[in-house]
Amino acid sequence: MSTYKNIKIQASGFFFCFLLFLPCLLSSCDDWLDVRGENIAKEQDQFENYKGFRDVLTGIYMKMGATDLYGQRMTMTDIECLADLWYPSTENGDPTKYYLSKHDYSKDEPKSVFKSIYASAFTVITSANVLLKNLEEEGGNIADAKARDMIKGEAYAIRAYCQFDLLRLFGQLPQGGSKTVKLPYSYTTTISEMPSYYDYNEYVNRLGQDIDQAEKLLKDSDPIFESTFSQLNSPSNNVQDDFKYYRQSRLNYWAVRALHARLALYTGKTSEAHTIAMDIINAKGADGQPLITLSGISDYQNGYNGLPSECLFYISKYDVNDYANRVLIGGLDMQVRDYYYSITNDMLNELYASIPGATASHNRYLNEWNRLAKDVSSKIAPTLKKYWYDESKNNNANTLVTKLQIIPMLRLSEIYLIAMETSNSLSEVQSLYDTYMAACAFTLYTPFESLEQAREEIINEYRRELFGEGQMFFTYKRKASTWMMWNTETIKEDDYVLPLPATEYDPALIKN
């Protein structure tokens with residue numbers, strides 16, 4: 001292993017927990033994370049002390065970063081193909097990319113994708129359920145009540161985060177659809193026990209209950225109320241419990257509030273979504289300053305392409321540069337082929353067409369895209385740099401963990417977009433938009449003349465700002481859009497309701 005690889009694995013903070021957990025990864029971790037009934041004795045041993053609970057929670061976050069879940073399929077690649085964001089391949093070149101972009105779910109390739117996502121999500125959910133069960137039964141082994149509530153709140157939030165995305169993938173349209181779909185909301189702790197299925201309204205109620213529970217538990221236990229994000233990202237700040245560092249890499253209180261806003265928007269509770277979004281935007285940190293601010297040029301100047309300074313929650317993934325570049329290329333000077341994910345130069349220009357002149361100064365356009373990459377015909381084929389960083393720089397371990405090796409999951413930019421889309425005040429929307437665009441270093445735009453015009457442009461911003469983060473398909477779905485940029489066909493309801501994997505599918509659960 002190279003010196004650089006050693007540096008990455010020896011990173012402090014969050015990865016200190018990874019090192020604590022490494023023996024489990026090499027031996028029994030796969031056993032208990034699969035949550036099979038025969039591992040009861042191992043499970044009991046795991047929860048004998050605080051360290052055991054910490055290790056389990058760390059392992060669950062690592063599972064969220066799996067390639068089949070948020071490590072790739074649900075952020076960078078497959079989910080963005082469903083939104084027709086990537087330039088489509090040919091059927092012979094990359095059939096998975098081709099069929100997903102065509103919304104043809106009858107073929108084996110998309111079926112395999114959906115099965116992998118579904119299985120990986122339920123591995124995380126079931127692991128969170130195991131943790132919650134043992135917190136109820138063995139939580140007394142954690143002497144610090146705040147630490148216990150913090151872990152419990154995060155476990156509820158993790159379950160809600162994954163269950164929500166299963167709803168957004170496999171569930172019915174949240175409004176305007178003719179199909180009704182029942183889905184499993186799992187409280188089970190073994191893979192042999194089938195979870196109960198619920199209709200849309202009951203499923204959403206259960207999501208809300210988990211999020212409410214997480215918020216209540218974290219409100220009085222999250223270290224973010226005693227220290228700032230910046231302070232918690234530095235292990236030298238004398239927080240006695242090192243597990244309370246690096247709150248942006250975990251579902252902290254404010255990240256859960258952001259998840260709540262995302263759910264409210266998706267389910268049509270626009271007033272609730274707006275209230276929560278504005279609470280986050282106006283929140284103050286422990287030092288009396290704004291809790292978190294939008295990323296401007298400074299992140300890019302430092303090579304932090306994932307915009308960590310505005311992440312309310314990111315997954316810390318030490319090898320993100322290695323595997324992301326195998327499909328995204330990032331900032332590398334390589335020839336783009338069918339099996340890579342890229343767009344065309346025309347697509348990039350169309351992406352920014354609604355704000356003329358952006359290509360001259362907009363810092364997302366200038367920094368998020370590698371415009372030197374070319375396809376086999378030597379045409380420019382821009383590739384996304386969001387997950388790429390320059391490994392030749394001598395980055396210290398803390399910078400790697402908190403700034404570079406990250407997968408954004410909830411960002412303040414999205415909260416601004418939610419606030420603008422749900423506001424009923426044109427002057428408020430314009431004020432928020434001015435702040436938002438200032439962070440993008442772009443000011444040459446005309447003020448909005450109506451809320452309708454503003455909301456139309458906000459959808460363009462979802463596409464631009466969150467490209468490669470897995471949110472645009474869900475934006476189209478919640479609006480029941482019959483149109484997707486770069487797709488020449490009419491989008492139908494069936495295109496939004498992904499088929500459950502064959503092992504889970506019951507025709508009685510889907511009704512026209």
# chains A, B, ... in the order shown; residues from 1 in each chain; ligands from 1

$ closest_atom_pairs --of "stretch 183-277 of chain A" --to "stretch 166-179 of chain A" --cutoff "10 Å" --atoms "only C-alpha atoms" --output "CSV"
residue,atom,partner,partner_atom,distance
A:Leu183,CA,A:Gly171,CA,7.0
A:Pro184,CA,A:Leu166,CA,9.1
A:Tyr185,CA,A:Leu166,CA,9.4
A:Asp199,CA,A:Gly171,CA,9.3
A:Tyr200,CA,A:Gln172,CA,7.5
A:Asn201,CA,A:Pro174,CA,9.6
A:Tyr203,CA,A:Leu167,CA,8.3
A:Val204,CA,A:Leu167,CA,8.6
A:Leu207,CA,A:Leu167,CA,9.8
A:Leu263,CA,A:Arg168,CA,9.8
A:Tyr266,CA,A:Pro174,CA,7.0
A:Thr267,CA,A:Pro174,CA,5.9
A:Gly268,CA,A:Pro174,CA,7.7

$ residues_around --residues "A:Met278" --least-positions-apart "2" --cutoff "10 Å" --atoms "only C-alpha atoms" --output "ChimeraX atom specification"
/A:261,273-276,280-283,415-416,418-420,423,432

$ residues_around --residues "stretch 485-493 of chain A" --least-positions-apart "6" --cutoff "10 Å" --atoms "only C-alpha atoms" --output "ChimeraX atom specification"
/A:83-88,101-103,172-173,176-179,347,350-351,460,463,476-477

$ write_last_selection --atoms "N, CA, C and O atoms" --output "compact mmCIF listing (two decimals), in the first residue's frame"
# COMPACT_ATOMS: atom_id res chain seq x y z
N ALA A 83 -33.20 10.49 -14.14
CA ALA A 83 -33.58 11.89 -14.37
C ALA A 83 -33.08 12.39 -15.72
O ALA A 83 -33.21 13.58 -16.03
N ASP A 84 -32.50 11.50 -16.51
CA ASP A 84 -31.97 11.84 -17.85
C ASP A 84 -30.92 12.94 -17.79
O ASP A 84 -30.83 13.77 -18.71
N LEU A 85 -30.11 12.93 -16.77
CA LEU A 85 -29.08 13.97 -16.64
C LEU A 85 -27.80 13.59 -17.38
O LEU A 85 -27.13 14.47 -17.91
N TRP A 86 -27.46 12.33 -17.41
CA TRP A 86 -26.24 11.93 -18.10
C TRP A 86 -26.52 11.67 -19.57
O TRP A 86 -27.60 11.23 -19.95
N TYR A 87 -25.51 11.92 -20.37
CA TYR A 87 -25.64 11.62 -21.80
C TYR A 87 -25.85 10.11 -21.94
O TYR A 87 -25.04 9.32 -21.46
N PRO A 88 -26.92 9.69 -22.59
CA PRO A 88 -27.23 8.25 -22.62
C PRO A 88 -26.27 7.47 -23.50
O PRO A 88 -25.77 7.95 -24.50
N SER A 101 -32.13 5.40 -18.67
CA SER A 101 -32.46 6.67 -19.32
C SER A 101 -33.73 6.57 -20.15
O SER A 101 -34.46 7.55 -20.29
N LYS A 102 -34.01 5.38 -20.69
CA LYS A 102 -35.22 5.16 -21.47
C LYS A 102 -36.41 4.78 -20.59
O LYS A 102 -37.54 4.61 -21.08
N HIS A 103 -36.16 4.62 -19.29
CA HIS A 103 -37.19 4.19 -18.33
C HIS A 103 -37.82 2.87 -18.75
O HIS A 103 -39.03 2.66 -18.60
N GLN A 172 -45.83 5.46 -4.97
CA GLN A 172 -46.71 6.14 -5.92
C GLN A 172 -46.35 7.62 -6.01
O GLN A 172 -45.56 8.15 -5.20
N LEU A 173 -46.89 8.29 -7.00
CA LEU A 173 -46.72 9.73 -7.08
C LEU A 173 -47.32 10.37 -5.84
O LEU A 173 -48.42 10.00 -5.41
N GLY A 176 -51.43 13.57 -7.80
CA GLY A 176 -51.80 13.55 -9.21
C GLY A 176 -51.70 12.22 -9.91
O GLY A 176 -51.85 12.15 -11.13
N GLY A 177 -51.44 11.13 -9.19
CA GLY A 177 -51.29 9.84 -9.83
C GLY A 177 -52.55 8.99 -9.75
O GLY A 177 -53.45 9.27 -8.96
N SER A 178 -52.58 7.92 -10.55
CA SER A 178 -53.71 6.99 -10.52
C SER A 178 -53.37 5.69 -9.80
O SER A 178 -54.25 4.96 -9.37
N LYS A 179 -52.09 5.40 -9.66
CA LYS A 179 -51.65 4.17 -9.00
C LYS A 179 -51.55 4.37 -7.49
O LYS A 179 -51.17 5.45 -7.02
N MET A 347 -25.17 20.21 -23.75
CA MET A 347 -25.95 19.97 -22.53
C MET A 347 -25.51 20.90 -21.42
O MET A 347 -26.34 21.44 -20.67
N GLU A 350 -26.93 24.25 -22.10
CA GLU A 350 -28.37 24.25 -21.85
C GLU A 350 -28.67 24.25 -20.35
O GLU A 350 -29.68 24.82 -19.91
N LEU A 351 -27.79 23.60 -19.58
CA LEU A 351 -27.98 23.56 -18.14
C LEU A 351 -28.01 24.96 -17.54
O LEU A 351 -28.75 25.23 -16.58
N ASN A 460 -34.92 24.80 -12.33
CA ASN A 460 -33.65 24.80 -13.07
C ASN A 460 -32.47 24.76 -12.11
O ASN A 460 -31.44 24.13 -12.39
N ARG A 463 -31.69 21.34 -10.76
CA ARG A 463 -30.96 20.55 -11.75
C ARG A 463 -29.49 20.94 -11.77
O ARG A 463 -28.61 20.08 -11.84
N TYR A 476 -38.69 15.86 -10.24
CA TYR A 476 -39.63 15.60 -11.32
C TYR A 476 -40.84 14.79 -10.81
O TYR A 476 -41.99 15.07 -11.17
N LYS A 477 -40.58 13.78 -9.98
CA LYS A 477 -41.64 12.89 -9.54
C LYS A 477 -42.65 13.61 -8.66
O LYS A 477 -43.86 13.44 -8.84

$ residues_around --residues "A:Thr126" --least-positions-apart "6" --cutoff "7 Å" --atoms "only C-alpha atoms" --output "NGL selection string"
:A and (188-190)

$ atom_distance --atom1 "atom CA of A:Ser89" --atom2 "atom CA of A:Asp338"
5.6 Å

$ closest_residue --among "A:Phe448, A:Gly303, A:Leu348, A:Thr443" --to "A:Asn395" --atoms "only C-alpha atoms"
A:Gly303

$ closest_residue --among "A:Thr293, A:Thr482, A:Gln405, A:Thr446" --to "A:Val320" --atoms "only C-alpha atoms"
A:Gln405

$ atom_distance --atom1 "atom CA of A:Ala441" --atom2 "atom CA of A:Leu384"
19.3 Å

$ select_by_dssp --residues "stretch 144-378 of chain A" --states "alpha helix (DSSP H)" --output "CSV table (one decimal) with C-alpha atoms, in the first residue's frame"
chain,number,residue,atom,x,y,z
A,145,ALA,CA,-27.6,9.9,28.9
A,146,LYS,CA,-26.9,12.6,26.3
A,147,ALA,CA,-24.6,10.2,24.4
A,148,ARG,CA,-27.3,7.6,24.5
A,149,ASP,CA,-29.9,9.9,23.2
A,150,MET,CA,-27.6,11.2,20.5
A,151,ILE,CA,-27.0,7.7,19.2
A,152,LYS,CA,-30.7,6.8,19.4
A,153,GLY,CA,-31.7,10.0,17.6
A,154,GLU,CA,-29.3,9.3,14.8
A,155,ALA,CA,-30.5,5.7,14.5
A,156,TYR,CA,-34.1,7.0,14.0
A,157,ALA,CA,-32.9,9.5,11.5
A,158,ILE,CA,-30.9,6.9,9.5
A,159,ARG,CA,-34.0,4.7,9.3
A,160,ALA,CA,-36.1,7.6,8.1
A,161,TYR,CA,-33.6,8.7,5.6
A,162,CYS,CA,-33.4,5.4,3.8
A,163,GLN,CA,-37.2,4.6,4.2
A,164,PHE,CA,-38.0,8.0,2.6
A,165,ASP,CA,-35.8,7.3,-0.4
A,166,LEU,CA,-37.5,3.9,-0.9
A,167,LEU,CA,-40.8,5.7,-0.9
A,168,ARG,CA,-39.4,8.2,-3.5
A,169,LEU,CA,-38.2,5.4,-5.7
A,170,PHE,CA,-40.8,2.7,-5.4
A,200,TYR,CA,-48.9,5.9,1.2
A,201,ASN,CA,-50.5,8.0,4.0
A,202,GLU,CA,-49.6,5.5,6.8
A,203,TYR,CA,-46.1,5.2,5.4
A,204,VAL,CA,-45.6,9.0,5.4
A,205,ASN,CA,-47.0,9.1,9.0
A,206,ARG,CA,-44.4,6.6,10.1
A,207,LEU,CA,-41.7,8.6,8.4
A,208,GLY,CA,-42.9,11.7,10.2
A,209,GLN,CA,-42.9,9.8,13.6
A,210,ASP,CA,-39.3,8.7,13.1
A,211,ILE,CA,-38.1,12.2,12.1
A,212,ASP,CA,-40.0,13.8,15.1
A,213,GLN,CA,-38.4,11.3,17.4
A,214,ALA,CA,-35.0,12.0,16.1
A,215,GLU,CA,-35.5,15.7,16.4
A,216,LYS,CA,-36.7,15.4,20.0
A,217,LEU,CA,-33.7,13.2,21.0
A,218,LEU,CA,-31.1,15.3,19.3
A,219,LYS,CA,-32.5,18.7,20.5
A,229,PHE,CA,-19.5,22.9,13.2
A,230,SER,CA,-16.0,24.3,12.8
A,231,GLN,CA,-15.0,23.6,16.4
A,232,LEU,CA,-16.3,20.1,16.1
A,253,TYR,CA,-30.1,17.9,14.7
A,254,TRP,CA,-30.0,20.4,11.8
A,255,ALA,CA,-29.5,17.7,9.2
A,256,VAL,CA,-32.6,16.0,10.6
A,257,ARG,CA,-34.5,19.3,10.3
A,258,ALA,CA,-33.3,19.5,6.7
A,259,LEU,CA,-34.6,16.0,6.1
A,260,HIS,CA,-37.9,17.0,7.6
A,261,ALA,CA,-38.1,20.0,5.2
A,262,ARG,CA,-37.3,17.6,2.3
A,263,LEU,CA,-40.1,15.3,3.3
A,264,ALA,CA,-42.6,18.1,3.8
A,265,LEU,CA,-41.9,19.5,0.4
A,266,TYR,CA,-42.2,16.0,-1.2
A,270,THR,CA,-45.4,23.5,1.6
A,271,SER,CA,-46.0,25.8,4.5
A,272,GLU,CA,-44.3,23.4,6.9
A,273,ALA,CA,-41.4,23.0,4.5
A,274,HIS,CA,-41.0,26.7,4.3
A,275,THR,CA,-41.1,27.2,8.0
A,276,ILE,CA,-38.4,24.6,8.6
A,277,ALA,CA,-36.2,25.8,5.8
A,278,MET,CA,-36.3,29.4,7.1
A,279,ASP,CA,-35.5,28.1,10.6
A,280,ILE,CA,-32.4,26.5,9.3
A,281,ILE,CA,-31.3,29.5,7.2
A,282,ASN,CA,-31.8,31.8,10.2
A,297,ILE,CA,-15.6,30.6,-4.0
A,298,SER,CA,-13.4,29.7,-1.0
A,299,ASP,CA,-14.3,26.0,-1.1
A,300,TYR,CA,-13.4,25.8,-4.8
A,301,GLN,CA,-10.2,27.8,-4.3
A,320,VAL,CA,-14.4,8.3,-2.9
A,321,ASN,CA,-11.7,9.6,-5.4
A,322,ASP,CA,-10.7,6.1,-6.3
A,323,TYR,CA,-14.0,4.6,-7.3
A,324,ALA,CA,-15.8,7.8,-8.3
A,325,ASN,CA,-13.2,8.5,-11.0
A,326,ARG,CA,-13.7,5.1,-12.4
A,327,VAL,CA,-17.2,6.2,-13.6
A,328,LEU,CA,-17.1,10.0,-13.4
A,345,ASN,CA,-20.9,20.7,-24.3
A,346,ASP,CA,-24.4,21.6,-25.6
A,347,MET,CA,-26.0,20.0,-22.5
A,348,LEU,CA,-23.7,22.0,-20.2
A,349,ASN,CA,-24.7,25.2,-22.0
A,350,GLU,CA,-28.4,24.2,-21.8
A,351,LEU,CA,-28.0,23.6,-18.1
A,358,ALA,CA,-23.4,32.5,-16.4
A,359,THR,CA,-20.6,30.8,-18.3
A,360,ALA,CA,-18.4,33.8,-17.7
A,361,SER,CA,-18.5,34.0,-13.9
A,363,ASN,CA,-18.5,29.5,-9.9
A,364,ARG,CA,-20.5,26.2,-10.3
A,365,TYR,CA,-20.1,26.3,-14.0
A,366,LEU,CA,-16.4,27.2,-13.8
A,367,ASN,CA,-15.4,24.8,-11.1
A,368,GLU,CA,-17.8,21.8,-11.0

$ closest_residue --among "A:Tyr246, A:Tyr433, A:Phe442, A:Phe47" --to "A:Glu457" --atoms "only C-alpha atoms"
A:Tyr433
